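Enquirer: A single structure is presented below for examination.
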Amino acid sequence: LVFIGGNLYVFWYKHNVLSKIEAAFNKTWDDAALVQLIKQELSRFDLLTPDLEHASLQSLAAKLSEVHPRRQEQDFVDSIVKGEMTGSYFLLVGPKGAGKSGMVFDAMLNIRNKGAVFLEAHPDLEVFRLRLGNALNYEFSEDMQAGLFQRPDPRSGGPAMDIERALDKLYEVAMRNGRRRPLVLVITKIQNFQNNDQGRNLLLQIQQYAERWAIRGIVTVVFTTDDVWPYTLLRKAATLMEVRSVQDLDWEMSKRTLLCRRPDAENVDSVVHVVGGRQSYLNKVSRAEEMLQAAEDLLRSEKAWLENCLGLIPDCDNDGEVVVQQKWSLHCWTLLREFARLYRANQKESGDSWDPLKLPVIPAWRCQQIMTRPDYLDELDRLDVVYIDMNSNVQPDSMLVLRAALDIVEKEGFDELLEDVRCRIKEIENLRR
């Protein structure tokens with residue numbers, strides 16, 4: 001009786017696990033939840049007027065569409081989340097704050113989250129294991145009351161084995177019933193995985209399932225990343241992966257975004273000229289009473305961070321760590337100075353047709369020649385000082401970074417300071433020889 005009862009319990013438990021995962025994808029946001037989400041978004045920009053407090057869902061959605069002008073890439077993301085694009089999995093690459101995760105969330109909002117789950121990557125695999133389990137409504141057999149019939153501990157394999165089991169269960173759920181459209185699994189900010197053997201192995205582990213699911217058209221995986229190293233890793237084994245680049249808004253779209261949120265705003269051109277078309281910066285300044293003052297505050301903060309991160313010491317001490325840090329700062333400022341020179345040269349050449357938000361671009365191989373170091377670009381990309389796209393082109397991470405670099409580089413005496421640091425490093429190295 002104990003043996004038969006135990007087997008029946010195990011059979012029921014396995015069936016219940018699959019039912020719970022399927023329920024995680026079938027869960028939808030009702031009208032009350034959507035109204036609350038839209039009201040929270042409108043209140044961020046002080047646009048939740050008293051007449052909208054008791055407005056219908058359609059009225060609130062129409063107001064939200066005015067606050068968030070639709071981007072060109074939104075149609076592509078909508079078709080992915082709706083399950084209209086099968087046979088591939090997708091990687092959205094773009095600088096931090098460009099709006100990648102926001103577009104995915106808007107697409108999930110349109111379908112009321114039915115058939116899609118959303119989670120964010122984390123450097124600690126145990127934390128990511130827990131997030132994946134919560135997103136899929138999977139307990140990793142930790143709630144199973146069958147210790148008498150279990151030989152190994154369910155957690156004995158570590159987080160990588162638990163993630164493998166969760167993905168395998170998702171595969172069973174996707175295969176056991178015929179569906180009109182594939183399930184959608186969104187994993188954002190995969191650059192948060194550590195760039196070491198453990199993190200890279202996890203990315204390849206998920207990619208293998210994404211390839212298998214894409215062939216059968218049962219699950220569509222969507223990755224987003226701010227850095228270039230996940231793309232460099234995934235492209236080696238990718239056969240069905242599609243990569244799309246998400247960039248900042250252009251001049252007209254940036255102005256339109258601010259005017260939609262602040263119709264009576266002044267100095268819109270000056271604000272966009274400072275912060276550029278970065279979605280996150282536009283959100284910050286649009287919530288401020290004085291947008292131009294908020295933009296200048298962001299510029300001062302970025303400039304202070306840049307000077308602190310890449311500080312130059314012309315009379316640095318003869319210490320190993322100090323010399324290494326000064327070498328790093330010297331080569332980085334050499335590259336930033338070249339970006340500033342190119343930006344001013346483009347400004348002079350373009351004349352009246354000049355686009356002030358067009359960032360200067362230098363190929364990665366040329367950046368390595370300018371810096372005379374091939375190993376600094378990845379670190380600058382990780383620090384969000386530069387952005388490396390999927391074509392190995394390098395540009396300043398944002399217009400705000402470029403503005404801060406222009407203020408520092410064009411200051412009187414900067415070239416002499418850079419040369420003094422260079423001479424001091426050579427002097428120390430000659431003394432060591």
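Residues are referred to by chain and number: the chain letter is A, B, ... according to the order shown in the structure tokens, the number counts from 1 in that chain, and ligands are numbered separately from 1 in the order shown.
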For A:Trp365, list every protein, DNA or RNA residue within 9 Å, evaluated using only C-alpha atoms, and leave out those in the same chain fewer than 4 positions away; present the list as a list in words.
Expert: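 Contacts, with the query itself left out: Gln369, Ile370, Pro374, Ser392 and Asn393 of chain A.
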Enquirer: For A:Cys316, find every residue with an atom within 12 Å (counting only C-alpha atoms), except residues of its own chain fewer than 2 positions away, and show them as a list of chain:residue names.
Expert: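 Everything that qualifies: A:Gly311, A:Leu312, A:Ile313, A:Pro314, A:Asn318, A:Asp319, A:Gly320, A:Glu321, A:Val322, A:Val323, A:Val324, A:Gln325, A:Gln326, A:Lys327, A:Asp420, A:Val421, A:Arg422, A:Cys423, A:Arg424, A:Ile425, A:Lys426, A:Glu427, A:Ile428.
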Enquirer: With only C-alpha atoms as the counted atoms, please give the residues lying no more than 9 Å from stretch 205-216 of chain A, apart from itself and same-chain residues fewer than 2 positions off, as a VMD selection string.
Expert: chain A and resid 86 to 89 160 163 to 164 167 to 168 171 174 200 to 203 218 to 221 234 237 to 241
Enquirer: Which of these residues is nearest to A:Asp384, using only C-alpha atoms: A:Phe3, A:Phe118, A:Trp305, A:Phe11?
Expert: A:Trp305
Enquirer: Could you pull out the strand (DSSP E or B) residues of stretch 36-250 of chain A, going by DSSP on the backbone, and write them as a VMD selection string?
Expert: chain A and resid 89 to 93 116 to 120 183 to 188 219 to 225 241 to 245
Enquirer: Keeping C-alpha atoms for every residue in the selection just given, could you write it to a file as a compact mmCIF listing (two decimals), in the first residue's frame?
Expert:
# COMPACT_ATOMS: atom_id res chain seq x y z
CA TYR A 89 15.07 33.57 -30.72
CA PHE A 90 16.07 37.19 -30.27
CA LEU A 91 18.77 39.35 -28.73
CA LEU A 92 18.07 43.06 -28.23
CA VAL A 93 21.35 44.98 -27.94
CA ALA A 116 4.76 35.38 -21.63
CA VAL A 117 6.94 35.52 -18.51
CA PHE A 118 9.55 38.13 -17.65
CA LEU A 119 12.62 37.92 -15.39
CA GLU A 120 15.92 39.71 -14.91
CA LEU A 183 5.29 30.67 -25.29
CA VAL A 184 7.58 33.65 -24.69
CA LEU A 185 10.40 33.68 -22.13
CA VAL A 186 12.04 37.10 -21.64
CA ILE A 187 15.38 37.36 -19.79
CA THR A 188 16.58 40.95 -19.50
CA VAL A 219 9.02 28.71 -27.08
CA THR A 220 10.52 32.05 -28.13
CA VAL A 221 13.36 33.32 -25.93
CA VAL A 222 14.13 37.05 -25.84
CA PHE A 223 17.41 38.33 -24.37
CA THR A 224 18.35 41.95 -23.74
CA THR A 225 21.85 43.20 -22.98
CA MET A 241 19.36 33.90 -33.29
CA GLU A 242 18.23 37.29 -34.60
CA VAL A 243 19.96 40.39 -33.26
CA ARG A 244 18.37 43.83 -33.22
CA SER A 245 20.03 47.05 -32.12
Enquirer: I'd like the contact shell of stretch 278-288 of chain A - 8 Å cut-off, only C-alpha atoms, skipping same-chain residues fewer than 3 positions apart - returned as a PyMOL selection string.
Expert: chain A and resi 44-46+97-99+248-249+254+257-258+261-262+275+291-292+294-295+398-399
